[in-house]
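Asker: My file is upload.cif. It has mmCIF, C-alpha atoms:
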```cif
data_run
#
loop_
_atom_site.label_atom_id
_atom_site.label_comp_id
_atom_site.auth_asym_id
_atom_site.auth_seq_id
_atom_site.Cartn_x
_atom_site.Cartn_y
_atom_site.Cartn_z
CA MET A 1 25.04 -51.05 90.27
CA ARG A 2 21.88 -49.23 91.26
CA TRP A 3 23.01 -46.03 89.62
CA MET A 4 23.48 -47.90 86.36
CA VAL A 5 19.85 -48.99 86.41
CA LEU A 6 18.73 -45.46 87.19
CA LEU A 7 20.91 -44.12 84.38
CA ALA A 8 19.46 -46.59 81.90
CA VAL A 9 15.90 -45.78 82.99
CA GLY A 10 16.65 -42.07 82.74
CA THR A 11 18.10 -42.49 79.28
CA VAL A 12 15.10 -44.38 78.03
CA PHE A 13 12.62 -41.92 79.46
CA GLY A 14 14.71 -39.05 78.20
CA VAL A 15 14.45 -40.44 74.70
CA LEU A 16 10.77 -41.21 75.09
CA VAL A 17 9.76 -37.69 76.05
CA ALA A 18 11.87 -35.95 73.38
CA ASP A 19 10.69 -34.34 70.16
CA GLU A 20 11.78 -35.81 66.89
CA LEU A 21 13.20 -33.90 63.96
CA LEU A 22 12.91 -35.66 60.60
CA LEU A 23 15.52 -34.43 58.14
CA LYS A 24 15.11 -34.56 54.38
CA ASP A 25 18.11 -36.83 53.98
CA GLY A 26 16.34 -39.48 56.04
CA ARG A 27 18.03 -38.87 59.38
CA ARG A 28 16.02 -38.56 62.57
CA LEU A 29 17.23 -36.52 65.51
CA ARG A 30 15.76 -36.61 68.99
CA GLY A 31 15.77 -33.82 71.48
CA LYS A 32 13.86 -30.74 72.43
CA ALA A 33 13.16 -28.84 69.24
CA GLU A 34 12.19 -25.20 68.95
CA LYS A 35 11.94 -23.04 65.87
CA VAL A 36 14.02 -19.88 65.88
CA GLY A 37 13.61 -17.78 62.73
CA ASN A 38 14.47 -19.84 59.70
CA ALA A 39 16.03 -22.69 61.63
CA TYR A 40 15.40 -25.24 64.31
CA ILE A 41 17.38 -25.45 67.49
CA LEU A 42 17.53 -28.98 68.73
CA ARG A 43 18.71 -29.43 72.30
CA THR A 44 19.96 -32.88 73.17
CA ARG A 45 21.70 -34.11 76.28
CA PHE A 46 25.00 -33.80 74.41
CA GLY A 47 24.47 -30.16 73.48
CA TRP A 48 22.49 -28.25 70.90
CA VAL A 49 22.52 -28.07 67.15
CA ARG A 50 21.08 -25.58 64.68
CA ILE A 51 19.43 -27.01 61.59
CA GLU A 52 18.07 -24.91 58.76
CA ALA A 53 14.35 -25.25 58.25
CA ASN A 54 14.68 -26.17 54.57
CA LYS A 55 16.58 -29.31 55.56
CA VAL A 56 13.84 -30.46 57.88
CA ALA A 57 11.10 -32.70 56.52
CA GLY A 58 8.99 -32.60 59.66
CA VAL A 59 8.85 -32.34 63.40
CA ILE A 60 7.07 -34.79 65.61
CA LYS A 61 6.30 -33.04 68.86
CA GLU A 62 6.29 -35.19 71.92
CA ALA A 63 3.19 -33.53 73.31
CA THR A 64 1.15 -33.81 70.14
CA ASP A 65 2.25 -37.05 68.54
CA ARG A 66 4.25 -39.09 70.95
CA ARG A 67 2.54 -42.29 69.90
CA LEU A 68 3.54 -41.82 66.27
CA SER A 69 7.09 -41.09 67.25
CA ALA A 70 7.35 -44.10 69.51
CA GLU A 71 5.88 -46.43 66.90
CA LYS A 72 8.49 -45.64 64.31
CA VAL A 73 11.53 -47.78 64.11
CA PRO A 74 15.01 -46.44 63.52
CA GLY A 75 16.38 -47.48 60.17
CA SER A 76 19.31 -49.80 59.96
CA LEU A 77 19.44 -50.71 56.29
CA LEU A 78 21.60 -48.37 54.31
CA PHE A 79 21.22 -48.78 50.59
CA GLU A 80 24.85 -48.04 50.00
CA GLY A 81 27.94 -50.02 49.09
CA ALA A 82 28.73 -52.50 46.39
CA PHE A 83 25.64 -54.04 44.86
CA GLU A 84 27.26 -57.24 43.65
CA GLU A 85 28.83 -57.88 47.02
CA SER A 86 25.51 -57.48 48.82
CA TYR A 87 23.73 -59.65 46.29
CA ARG A 88 26.27 -62.45 46.36
CA ARG A 89 26.48 -62.37 50.11
CA GLY A 90 22.67 -62.47 50.35
CA VAL A 91 22.44 -65.46 48.04
CA TRP A 92 25.17 -67.25 49.93
CA LEU A 93 23.48 -66.58 53.28
CA LEU A 94 20.16 -67.86 51.96
CA LYS A 95 21.89 -71.02 50.76
CA GLU A 96 23.41 -71.45 54.18
CA GLY A 97 19.94 -71.23 55.67
CA ARG A 98 20.53 -67.87 57.35
CA LEU A 99 17.28 -66.42 56.13
CA LYS A 100 17.22 -63.25 58.19
CA LYS A 101 20.69 -62.08 57.28
CA GLY A 102 20.27 -63.18 53.69
CA ARG A 103 17.10 -61.17 53.26
CA GLU A 104 18.76 -58.19 54.89
CA GLU A 105 21.58 -58.27 52.37
CA LEU A 106 19.22 -58.79 49.46
CA LEU A 107 17.03 -55.91 50.62
CA ARG A 108 20.10 -53.73 50.71
CA ALA A 109 20.90 -54.85 47.18
CA LEU A 110 17.33 -54.21 46.07
CA GLY A 111 17.44 -50.71 47.50
CA MET A 112 20.54 -50.07 45.45
CA ARG A 113 19.21 -51.60 42.24
CA PRO A 114 15.45 -52.19 42.08
CA HIS A 115 15.64 -52.97 38.37
CA ASP A 116 17.65 -56.12 39.02
CA VAL A 117 15.25 -59.03 38.62
CA ARG A 118 17.59 -61.52 40.26
CA VAL A 119 17.17 -59.87 43.64
CA TRP A 120 13.37 -59.86 43.43
CA LEU A 121 13.34 -63.51 42.50
CA LYS A 122 15.72 -64.46 45.30
CA LEU A 123 13.57 -62.59 47.80
CA GLY A 124 10.60 -64.76 46.84
CA PHE A 125 8.75 -62.37 44.55
CA THR A 126 7.05 -63.52 41.37
CA PRO A 127 6.70 -61.26 38.36
CA THR A 128 3.18 -60.52 37.20
CA ILE A 129 1.78 -58.24 34.55
CA ASP A 130 1.12 -55.54 37.12
CA GLY A 131 4.39 -55.81 39.01
CA TRP A 132 5.92 -58.11 41.58
CA ARG A 133 3.91 -60.27 43.93
CA TYR A 134 5.37 -61.77 47.07
CA GLU A 135 5.01 -65.52 47.25
CA GLY A 136 7.14 -66.52 50.19
CA THR A 137 6.68 -70.00 51.61
CA LYS A 138 4.58 -69.08 54.61
CA VAL A 139 2.49 -66.58 52.70
CA ALA A 140 1.83 -69.05 49.90
CA LYS A 141 0.79 -71.63 52.47
CA ARG A 142 -1.65 -69.18 54.02
CA GLN A 143 -3.04 -68.28 50.62
CA ARG A 144 -3.58 -71.95 49.86
CA LYS A 145 -5.43 -72.30 53.15
CA SER A 146 -7.64 -69.34 52.39
CA ASP A 147 -8.59 -70.92 49.07
CA GLY A 148 -11.20 -72.87 51.02
CA SER A 149 -13.00 -69.71 52.01
CA ALA A 150 -12.90 -68.67 48.39
CA TYR A 151 -14.70 -71.88 47.46
CA LYS A 152 -17.23 -71.14 50.13
CA PHE A 153 -18.19 -67.96 48.33
CA CYS A 154 -18.10 -69.65 44.97
CA ALA A 155 -20.66 -72.20 46.19
CA GLY A 156 -23.10 -69.40 46.78
CA GLU A 157 -22.64 -68.31 43.23
CA GLY A 158 -23.66 -71.66 41.86
CA MET A 159 -20.57 -73.76 42.27
CA ARG A 160 -21.56 -77.38 41.98
CA ALA A 161 -21.10 -79.93 44.70
CA ARG A 162 -19.00 -82.09 42.44
CA GLU A 163 -16.44 -79.33 42.13
CA LEU A 164 -16.30 -79.02 45.90
CA VAL A 165 -15.75 -82.76 46.21
CA GLU A 166 -13.09 -82.70 43.54
CA SER A 167 -11.24 -79.82 45.11
CA GLY A 168 -11.44 -81.49 48.52
CA LEU A 169 -10.02 -84.71 47.13
CA ALA A 170 -7.34 -82.81 45.29
CA ARG A 171 -6.32 -81.26 48.57
CA LEU A 172 -6.29 -84.65 50.24
CA GLY A 173 -4.22 -85.95 47.38
CA LYS A 174 -1.68 -83.22 47.82
CA ARG A 175 -1.46 -83.97 51.52
CA LEU A 176 -0.99 -87.65 50.85
CA GLN A 177 1.60 -86.82 48.27
CA SER A 178 3.57 -84.87 50.82
CA ARG A 179 3.24 -87.58 53.50
CA HIS A 180 3.50 -90.84 51.66
CA LYS A 181 5.27 -89.83 48.49
CA LYS A 182 2.43 -91.29 46.46
CA VAL A 183 1.03 -89.52 43.47
CA VAL A 184 -2.69 -88.99 43.80
CA PRO A 185 -4.01 -87.49 40.60
CA VAL A 186 -6.70 -84.87 40.66
CA LEU A 187 -10.06 -86.17 39.51
CA SER A 188 -10.55 -85.36 35.90
CA GLU A 189 -13.65 -87.04 34.52
CA GLN A 190 -16.77 -87.25 36.59
CA ASP A 191 -20.39 -87.64 35.75
CA GLU A 192 -22.16 -84.42 35.12
CA GLU A 193 -25.36 -85.67 36.69
CA PHE A 194 -24.54 -84.67 40.25
CA GLY A 195 -26.73 -81.97 41.63
CA GLY A 196 -25.82 -78.80 43.41
CA LEU A 197 -26.03 -77.67 47.01
CA ARG A 198 -28.92 -76.15 48.87
CA LEU A 199 -28.57 -73.49 51.56
CA GLU A 200 -30.36 -74.70 54.70
CA GLN A 201 -30.59 -73.41 58.22
CA THR A 202 -29.13 -76.04 60.53
CA PRO A 203 -28.54 -76.01 64.28
CA TYR A 204 -25.01 -74.85 63.41
CA GLY A 205 -26.18 -71.95 61.29
CA TRP A 206 -26.72 -71.64 57.57
CA ARG A 207 -24.95 -74.46 55.73
CA TRP A 208 -24.70 -75.74 52.19
CA VAL A 209 -26.18 -79.26 52.05
CA PRO A 210 -26.68 -81.61 49.09
CA SER A 211 -29.94 -80.97 47.37
CA ASP A 212 -30.84 -84.67 46.91
CA GLU A 213 -30.55 -88.00 48.68
CA ARG A 214 -28.31 -89.56 46.06
CA LYS A 215 -24.99 -91.03 47.10
CA TRP A 216 -21.81 -89.66 45.66
CA ARG A 217 -19.66 -92.23 43.96
CA ILE A 218 -16.27 -91.39 42.65
CA TRP A 219 -13.83 -93.74 40.99
CA GLN A 220 -10.28 -92.84 41.58
CA PRO A 221 -6.92 -94.62 41.50
CA PHE A 222 -5.77 -94.00 44.99
CA GLY A 223 -2.55 -94.65 46.84
CA TRP A 224 -3.38 -95.09 50.47
CA PRO A 225 -1.94 -97.68 52.87
CA LEU A 226 -5.38 -98.48 54.27
CA TYR A 227 -6.35 -100.29 51.10
CA ARG A 228 -4.84 -103.40 49.59
CA GLY A 229 -5.00 -102.45 45.98
CA ASN A 230 -4.15 -99.22 44.38
CA ARG A 231 -7.62 -98.90 42.90
CA CYS A 232 -10.53 -98.42 45.22
CA THR A 233 -13.93 -96.93 45.30
CA ILE A 234 -14.56 -93.91 47.39
CA VAL A 235 -18.19 -93.58 48.27
CA ILE A 236 -19.15 -90.38 49.89
CA ASP A 237 -22.69 -90.23 51.16
CA LYS A 238 -24.66 -87.16 52.04
CA GLY A 239 -23.33 -86.88 55.58
CA ALA A 240 -19.78 -87.45 54.42
CA LEU A 241 -20.17 -84.81 51.80
CA GLN A 242 -21.13 -82.39 54.53
CA ASN A 243 -17.98 -83.37 56.33
CA LEU A 244 -16.02 -82.91 53.17
CA THR A 245 -17.32 -79.44 52.55
CA GLY A 246 -16.68 -78.77 56.22
CA LYS A 247 -13.13 -79.83 55.67
CA ILE A 248 -12.79 -77.45 52.82
CA TRP A 249 -14.08 -74.61 54.93
CA THR A 250 -12.49 -75.40 58.26
CA GLN A 251 -9.31 -77.12 57.18
CA GLN A 252 -10.04 -80.20 59.28
CA ARG A 253 -8.15 -83.30 58.37
CA LYS A 254 -10.90 -85.87 58.78
CA ILE A 255 -12.54 -87.27 55.72
CA ARG A 256 -14.90 -90.23 55.57
CA LEU A 257 -13.68 -92.70 53.04
CA PHE A 258 -15.14 -96.15 52.42
CA GLY A 259 -13.12 -99.04 51.09
CA ASP A 260 -14.02 -101.44 48.28
CA ARG A 261 -17.73 -102.01 48.02
CA MET B 1 20.57 -56.88 90.34
CA ARG B 2 23.27 -57.51 87.80
CA ALA B 3 20.99 -59.82 85.84
CA ALA B 4 18.24 -57.21 85.93
CA THR B 5 20.61 -54.54 84.64
CA ILE B 6 21.87 -56.73 81.82
CA GLY B 7 18.33 -57.77 80.97
CA PHE B 8 17.17 -54.17 80.94
CA VAL B 9 20.02 -53.07 78.71
CA PHE B 10 19.25 -55.87 76.29
CA CYS B 11 15.54 -55.08 76.42
CA VAL B 12 16.03 -51.51 75.21
CA PRO B 13 16.77 -52.45 71.58
CA ALA B 14 13.96 -54.97 71.72
CA VAL B 15 11.51 -52.27 72.82
CA PHE B 16 12.59 -49.79 70.19
CA GLY B 17 13.26 -52.46 67.62
CA LEU B 18 15.36 -52.33 64.51
CA SER B 19 14.13 -52.16 61.00
CA VAL B 20 15.49 -55.66 60.36
CA GLY B 21 12.87 -57.05 62.72
CA VAL B 22 10.17 -55.11 60.93
CA TRP B 23 11.32 -56.46 57.58
CA GLU B 24 11.40 -59.97 58.96
CA ARG B 25 7.83 -59.70 60.15
CA ALA B 26 6.78 -58.23 56.82
CA PHE B 27 8.35 -61.14 54.97
CA ASP B 28 6.72 -63.66 57.29
CA SER B 29 3.26 -62.16 56.89
CA GLY B 30 3.65 -60.90 53.33
CA ASP B 31 2.30 -57.54 54.51
CA PHE B 32 4.77 -54.91 53.35
CA SER B 33 2.32 -52.14 54.15
CA TYR B 34 3.01 -52.95 57.78
CA ALA B 35 6.72 -52.35 57.20
CA ALA B 36 5.87 -49.11 55.41
CA ARG B 37 3.92 -47.92 58.44
CA ARG B 38 6.77 -48.70 60.78
CA LEU B 39 9.72 -47.42 58.77
CA ASN B 40 11.00 -44.09 57.60
CA GLY B 41 12.92 -42.59 54.73
CA PRO B 42 14.22 -44.72 51.85
CA GLU B 43 13.40 -47.90 53.75
CA LYS B 44 9.76 -46.86 53.88
CA GLY B 45 9.94 -46.08 50.18
CA LEU B 46 11.24 -49.55 49.47
CA ALA B 47 8.54 -51.11 51.63
CA LEU B 48 5.89 -49.16 49.71
CA ILE B 49 7.37 -50.35 46.42
CA LEU B 50 7.36 -53.95 47.65
CA ALA B 51 3.73 -53.50 48.70
CA GLY B 52 2.94 -52.28 45.19
CA ARG B 53 2.08 -48.78 46.39
CA THR B 54 4.46 -47.02 44.06
CA ASP B 55 2.40 -43.82 43.91
CA GLU B 56 2.78 -43.37 47.65
CA ALA B 57 6.46 -44.20 47.38
CA MET B 58 6.79 -41.42 44.84
CA ARG B 59 5.04 -38.94 47.10
CA LEU B 60 7.22 -39.97 50.02
CA LEU B 61 10.51 -39.77 48.18
CA GLU B 62 9.73 -36.64 46.21
CA GLY B 63 12.15 -33.87 47.06
CA ARG B 64 14.73 -36.12 48.69
CA ARG B 65 18.15 -35.69 47.19
CA ASP B 66 20.08 -38.61 48.65
CA THR B 67 21.14 -41.28 46.18
CA ALA B 68 19.12 -44.15 47.63
CA SER B 69 15.92 -42.10 47.62
CA LEU B 70 16.52 -40.88 44.09
CA ARG B 71 17.01 -44.42 42.80
CA LEU B 72 13.83 -45.63 44.44
CA TYR B 73 11.99 -42.54 43.27
CA GLY B 74 13.12 -43.16 39.70
CA TYR B 75 12.03 -46.78 39.87
CA ALA B 76 8.65 -45.85 41.36
CA ALA B 77 8.19 -43.17 38.69
CA CYS B 78 8.84 -45.79 36.00
CA CYS B 79 6.26 -48.08 37.62
CA GLU B 80 3.75 -45.24 37.61
CA GLY B 81 4.50 -44.27 34.03
CA ARG B 82 5.80 -40.84 35.04
CA TRP B 83 8.63 -41.03 32.55
CA ALA B 84 9.63 -37.37 32.61
CA LEU B 85 10.14 -37.45 36.37
CA ALA B 86 12.06 -40.71 36.07
CA LEU B 87 14.24 -39.14 33.42
CA GLU B 88 15.06 -36.20 35.70
CA ALA B 89 15.97 -38.52 38.57
CA ALA B 90 18.16 -40.65 36.30
CA LYS B 91 19.98 -37.62 34.96
CA GLU B 92 20.68 -36.34 38.45
CA LEU B 93 21.95 -39.75 39.52
CA LEU B 94 24.17 -40.01 36.46
CA GLN B 95 25.63 -36.58 37.16
CA ARG B 96 26.78 -37.92 40.51
CA ASN B 97 27.96 -41.27 39.22
CA GLY B 98 28.04 -42.00 35.50
CA LYS B 99 28.44 -45.74 36.08
CA ASP B 100 25.35 -46.12 38.25
CA LYS B 101 23.58 -49.15 36.75
CA GLU B 102 20.23 -48.37 38.35
CA ALA B 103 20.34 -44.81 36.99
CA GLN B 104 21.13 -46.21 33.56
CA ALA B 105 18.22 -48.64 33.81
CA ILE B 106 15.84 -45.83 34.78
CA LEU B 107 17.19 -43.66 31.98
CA ALA B 108 16.84 -46.45 29.42
CA GLU B 109 13.29 -47.21 30.49
CA ALA B 110 12.27 -43.57 30.41
CA LEU B 111 13.87 -42.99 27.01
CA LEU B 112 12.33 -46.14 25.56
CA ALA B 113 8.90 -45.15 26.85
CA LEU B 114 9.25 -41.59 25.60
CA GLY B 115 10.07 -42.85 22.13
CA ASP B 116 13.82 -42.24 21.95
CA ARG B 117 14.73 -45.73 20.79
CA THR B 118 18.26 -44.87 19.66
CA GLY B 119 19.18 -43.24 22.94
CA ALA B 120 17.59 -46.07 24.90
CA GLU B 121 19.41 -48.77 22.92
CA ALA B 122 22.72 -47.03 23.52
CA VAL B 123 22.10 -47.14 27.28
CA LEU B 124 20.66 -50.66 27.25
CA GLU B 125 23.84 -52.00 25.66
CA LYS B 126 25.81 -50.90 28.70
CA LEU B 127 23.50 -52.71 31.11
CA PRO B 128 23.69 -56.36 32.16
CA SER B 129 21.52 -58.44 29.85
CA HIS B 130 18.94 -59.39 32.47
CA ILE B 131 18.34 -55.76 33.41
CA SER B 132 18.05 -54.63 29.81
CA ALA B 133 15.62 -57.48 29.06
CA TYR B 134 13.57 -56.51 32.11
CA VAL B 135 13.48 -52.87 31.02
CA ARG B 136 12.25 -53.95 27.58
CA LEU B 137 9.64 -56.19 29.16
CA ARG B 138 8.33 -53.42 31.43
CA VAL B 139 7.95 -50.96 28.59
CA ALA B 140 6.37 -53.56 26.30
CA LEU B 141 3.87 -54.44 29.03
CA LYS B 142 3.06 -50.78 29.65
CA PHE B 143 2.32 -50.20 25.98
CA GLY B 144 0.66 -53.59 25.42
CA ASN B 145 3.13 -54.79 22.82
CA ALA B 146 2.61 -58.55 22.91
CA GLU B 147 5.39 -59.48 20.50
CA LYS B 148 8.07 -57.56 22.37
CA THR B 149 6.73 -58.85 25.67
CA ARG B 150 7.11 -62.41 24.47
CA SER B 151 10.65 -61.93 23.23
CA ALA B 152 11.75 -60.11 26.42
CA ALA B 153 10.06 -62.74 28.61
CA ALA B 154 11.77 -65.55 26.69
CA GLU B 155 15.11 -63.85 27.15
CA LEU B 156 14.50 -63.38 30.87
CA GLU B 157 13.48 -67.00 31.19
CA ARG B 158 16.73 -68.04 29.55
CA LEU B 159 18.82 -65.68 31.67
CA THR B 160 17.24 -66.28 35.06
CA GLY B 161 16.13 -69.88 34.69
CA TYR B 162 12.63 -69.10 35.97
CA ALA B 163 9.66 -70.20 33.86
CA VAL B 164 7.35 -67.59 35.41
CA TRP B 165 8.28 -65.08 32.74
CA ARG B 166 6.52 -67.18 30.13
CA ARG B 167 3.28 -66.85 32.09
CA ILE B 168 3.52 -63.08 31.87
CA ALA B 169 3.88 -63.25 28.13
CA VAL B 170 0.87 -65.55 27.84
CA PHE B 171 -1.34 -63.39 30.04
CA SER B 172 -0.27 -60.18 28.36
CA GLY B 173 -1.18 -61.75 25.01
CA ARG B 174 -4.65 -62.59 26.31
CA ARG B 175 -5.14 -59.14 27.72
#
```
Let's see the structure in the file written out as structure tokens.
Answerer:
Amino acid sequence: MRWMVLLAVGTVFGVLVADELLLKDGRRLRGKAEKVGNAYILRTRFGWVRIEANKVAGVIKEATDRRLSAEKVPGSLLFEGAFEESYRRGVWLLKEGRLKKGREELLRALGMRPHDVRVWLKLGFTPTIDGWRYEGTKVAKRQRKSDGSAYKFCAGEGMRARELVESGLARLGKRLQSRHKKVVPVLSEQDEEFGGLRLEQTPYGWRWVPSDERKWRIWQPFGWPLYRGNRCTIVIDKGALQNLTGKIWTQQRKIRLFGDR
Amino acid sequence: MRAATIGFVFCVPAVFGLSVGVWERAFDSGDFSYAARRLNGPEKGLALILAGRTDEAMRLLEGRRDTASLRLYGYAACCEGRWALALEAAKELLQRNGKDKEAQAILAEALLALGDRTGAEAVLEKLPSHISAYVRLRVALKFGNAEKTRSAAAELERLTGYAVWRRIAVFSGRR
């Protein structure tokens, strides 16, 4: 048994210390490479092979660029075979919930036929004017989260507090919608008299705070089990507004809401 | 000892990894540039195309003569508006296999963009309708033809069932 371990270790280290020959047809060969005339002699543990220099795309020498060589990953997707079969199989696998295998098949199909829009769409890409943009579930979720930081920058450029409140409530509404299956519409009509934010240095660093002492009153039909009726008043005072903007920036879930007043 | 040996043997592929794992990570993060850094050959070309770096994909695949690389090269050349190069790649692919749909799509796009409408239409007729509509849409977008963009987008919407195509037509009209 011990010799098996030693053999495995030897094999791995043998591969690690070898040069790498990159051929123009995409193959990669490992071994000790040396250039002889117009060809390369590659010595492997199985023997040696002579490869003409015009078929070689590059040589990664162990001594000079071992890190680069080790970082690369051997390819396993061959863009060959029947397109329709790969595509159908990929779609079927995705339907079955086997995401990894399904994507693998669809990638193979895409490599064979990049002009086929069905494959792009199944892989989660969305067409845009400038090409395809990936909008997978997780990525889209992350982009939605990062929207808050975008608002943060907008505020500096004169975004009004009301818009921040509205966007925060819209987010809350979406969350409620997903949890309680209640439709919470985005605020549409608000008074234009609300002021903006002022940048102030606080013990927690520079923060945007409301520029006046006025309370923020928003009328909104609201589906929330805390309240008896469907219609309630949400009053957000100055401190709560700070919390709200904090929520937008930090993705915290707490929001100060007051019931009927 | 036996467990260690088995574990070690199973660890070897995990250490070296397979491209499938790289793709999976790229899909999870949405960062296809990462996959492009980690992969080689046509797979790297595809990753670059998915990342929207078609110019780099062209540089990578230039000179490669295998079919997969030629197809991706032709597609990338179309994206970059290098129609003459795309035409060459398509012709070479069609010499190998006259029924290659991707080669026909590249050829049709290149011909349409270069102004050979008759030749392009003859090729487009052979293609599946969603590919031919997509080829028309790409060329119309490249040349800023709003009317043709709208009609191609409407056709794609009908064929694929996705409403996103309409958005492209609207935005292209605004642009």
Asker: Per residue of chain B within 6 Å of chain A, which atom pair is closest and at what distance in Å (one decimal), using all atoms listed in the file, listed by chain and increasing number, as a tab-separated table?
Answerer:
```
residue	atom	partner	partner_atom	distance
B:Thr5	CA	A:Val5	CA	5.9
B:Leu18	CA	A:Val73	CA	6.0
B:Ser19	CA	A:Gly75	CA	5.3
B:Gly30	CA	A:Val139	CA	5.8
B:Arg38	CA	A:Lys72	CA	5.0
B:Leu39	CA	A:Val73	CA	5.6
B:Gly41	CA	A:Gly26	CA	4.8
B:Arg64	CA	A:Lys24	CA	5.9
B:Asp66	CA	A:Asp25	CA	6.0
B:Ala68	CA	A:Phe79	CA	5.9
B:Glu102	CA	A:Arg113	CA	5.2
B:Ile131	CA	A:Asp116	CA	5.7
B:Ile168	CA	A:Ile129	CA	5.8
```
Asker: How many Å lie between CA of Arg59 (chain B) and CA of Ala76 (chain B), rounded to one decimal?
Answerer: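 Rounded to one decimal, the two atoms are 9.7 Å apart.
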Asker: What is the distance between CA of Arg25 (chain B) and CA of Tyr134 (chain B), in Å to one decimal?
Answerer: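 So the answer is 28.8 Å.
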Asker: Which is closer to Ser33 (chain B) than all the others in B:Leu50, B:Leu137, B:Leu93, B:Val123, using only C-alpha atoms?
Answerer: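 Among B:Leu50, B:Leu137, B:Leu93, B:Val123, it is B:Leu50 that comes nearest to Ser33 (chain B).
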Asker: Please report the interatomic distance between CA of Ser151 (chain B) and CA of Lys122 (chain A) in Å with one decimal.
Answerer: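 Between CA of Ser151 (chain B) and CA of Lys122 (chain A) the gap is 22.8 Å.
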Asker: Within 9 Å of Glu109 (chain B), counting all atoms listed in the file, which residues show up once you throw out same-chain ones fewer than 3 positions away? Write them as a compact mmCIF listing (two decimals) with C-alpha atoms, in the frame of the given file, please.
Answerer:
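out-v3.txt written:
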```txt
# COMPACT_ATOMS: atom_id res chain seq x y z
CA CYS B 78 8.84 -45.79 36.00
CA TRP B 83 8.63 -41.03 32.55
CA ALA B 86 12.06 -40.71 36.07
CA LEU B 87 14.24 -39.14 33.42
CA GLN B 104 21.13 -46.21 33.56
CA ALA B 105 18.22 -48.64 33.81
CA ILE B 106 15.84 -45.83 34.78
CA LEU B 112 12.33 -46.14 25.56
CA ALA B 113 8.90 -45.15 26.85
CA LEU B 114 9.25 -41.59 25.60
CA ALA B 120 17.59 -46.07 24.90
CA LEU B 124 20.66 -50.66 27.25
CA SER B 132 18.05 -54.63 29.81
CA VAL B 135 13.48 -52.87 31.02
CA ARG B 136 12.25 -53.95 27.58
CA ARG B 138 8.33 -53.42 31.43
CA VAL B 139 7.95 -50.96 28.59
```
Asker: Pick out the residues sitting within 8 Å of Leu106 (chain A), and hand them over as a ChimeraX atom specification; count all atoms listed in the file, and ignore anything fewer than 6 positions along from it in its own chain.
Answerer: /A:86-87,90-91,119,122-123
Asker: List the residues matched by the PyMOL selection byres ((chain B and resi 34) around 10) in the displayed structure as a list in words, ordered by chain and then by residue number.
Answerer: Val22, Trp23, Arg25, Ala26, Ser29, Gly30, Asp31, Phe32, Ser33, Ala35, Ala36, Arg37, Arg38, Leu39, Lys44, Ala47, Leu48 and Ala51 of chain B
Asker: What does the file look like for those residues with C-alpha atoms, as a PDB file, in the frame of the given file?
Answerer:
```pdb
ATOM      1  CA  VAL B  22      10.170 -55.110  60.930  1.00  0.00           C
ATOM      2  CA  TRP B  23      11.320 -56.460  57.580  1.00  0.00           C
ATOM      3  CA  ARG B  25       7.830 -59.700  60.150  1.00  0.00           C
ATOM      4  CA  ALA B  26       6.780 -58.230  56.820  1.00  0.00           C
ATOM      5  CA  SER B  29       3.260 -62.160  56.890  1.00  0.00           C
ATOM      6  CA  GLY B  30       3.650 -60.900  53.330  1.00  0.00           C
ATOM      7  CA  ASP B  31       2.300 -57.540  54.510  1.00  0.00           C
ATOM      8  CA  PHE B  32       4.770 -54.910  53.350  1.00  0.00           C
ATOM      9  CA  SER B  33       2.320 -52.140  54.150  1.00  0.00           C
ATOM     10  CA  ALA B  35       6.720 -52.350  57.200  1.00  0.00           C
ATOM     11  CA  ALA B  36       5.870 -49.110  55.410  1.00  0.00           C
ATOM     12  CA  ARG B  37       3.920 -47.920  58.440  1.00  0.00           C
ATOM     13  CA  ARG B  38       6.770 -48.700  60.780  1.00  0.00           C
ATOM     14  CA  LEU B  39       9.720 -47.420  58.770  1.00  0.00           C
ATOM     15  CA  LYS B  44       9.760 -46.860  53.880  1.00  0.00           C
ATOM     16  CA  ALA B  47       8.540 -51.110  51.630  1.00  0.00           C
ATOM     17  CA  LEU B  48       5.890 -49.160  49.710  1.00  0.00           C
ATOM     18  CA  ALA B  51       3.730 -53.500  48.700  1.00  0.00           C
TER      19      ALA B  51
END
```
Asker: Could you spell out the hits of the PyMOL selection byres ((chain B and resi 62) around 12) on the shown file, as number ranges by chain?
Answerer: A: 24-25, 57; B: 41-42, 45, 54-61, 63-66, 69-74, 76-77, 85-86, 88-89
Asker: Which one is closest to Ile60 (chain A): A:Arg98, A:Leu29, A:Trp206, A:Glu105? Count only C-alpha atoms.
Answerer: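 The shortest atom-to-atom distance to Ile60 (chain A) comes from A:Leu29.
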Asker: Determine, for each residue of region 117-145 of chain B having at least one atom at most 10 Å from an atom of region 157-165 of chain B, the closest pair of atoms and their separation in Å to one decimal, counting all atoms listed in the file; order by chain and ascending number, as JSON lines.
Answerer:
```
{"residue": "B:Ser129", "atom": "CA", "partner": "B:Leu159", "partner_atom": "CA", "distance": 7.9}
{"residue": "B:His130", "atom": "CA", "partner": "B:Leu159", "partner_atom": "CA", "distance": 6.3}
{"residue": "B:Ala133", "atom": "CA", "partner": "B:Leu159", "partner_atom": "CA", "distance": 9.2}
{"residue": "B:Leu137", "atom": "CA", "partner": "B:Trp165", "partner_atom": "CA", "distance": 9.7}
```
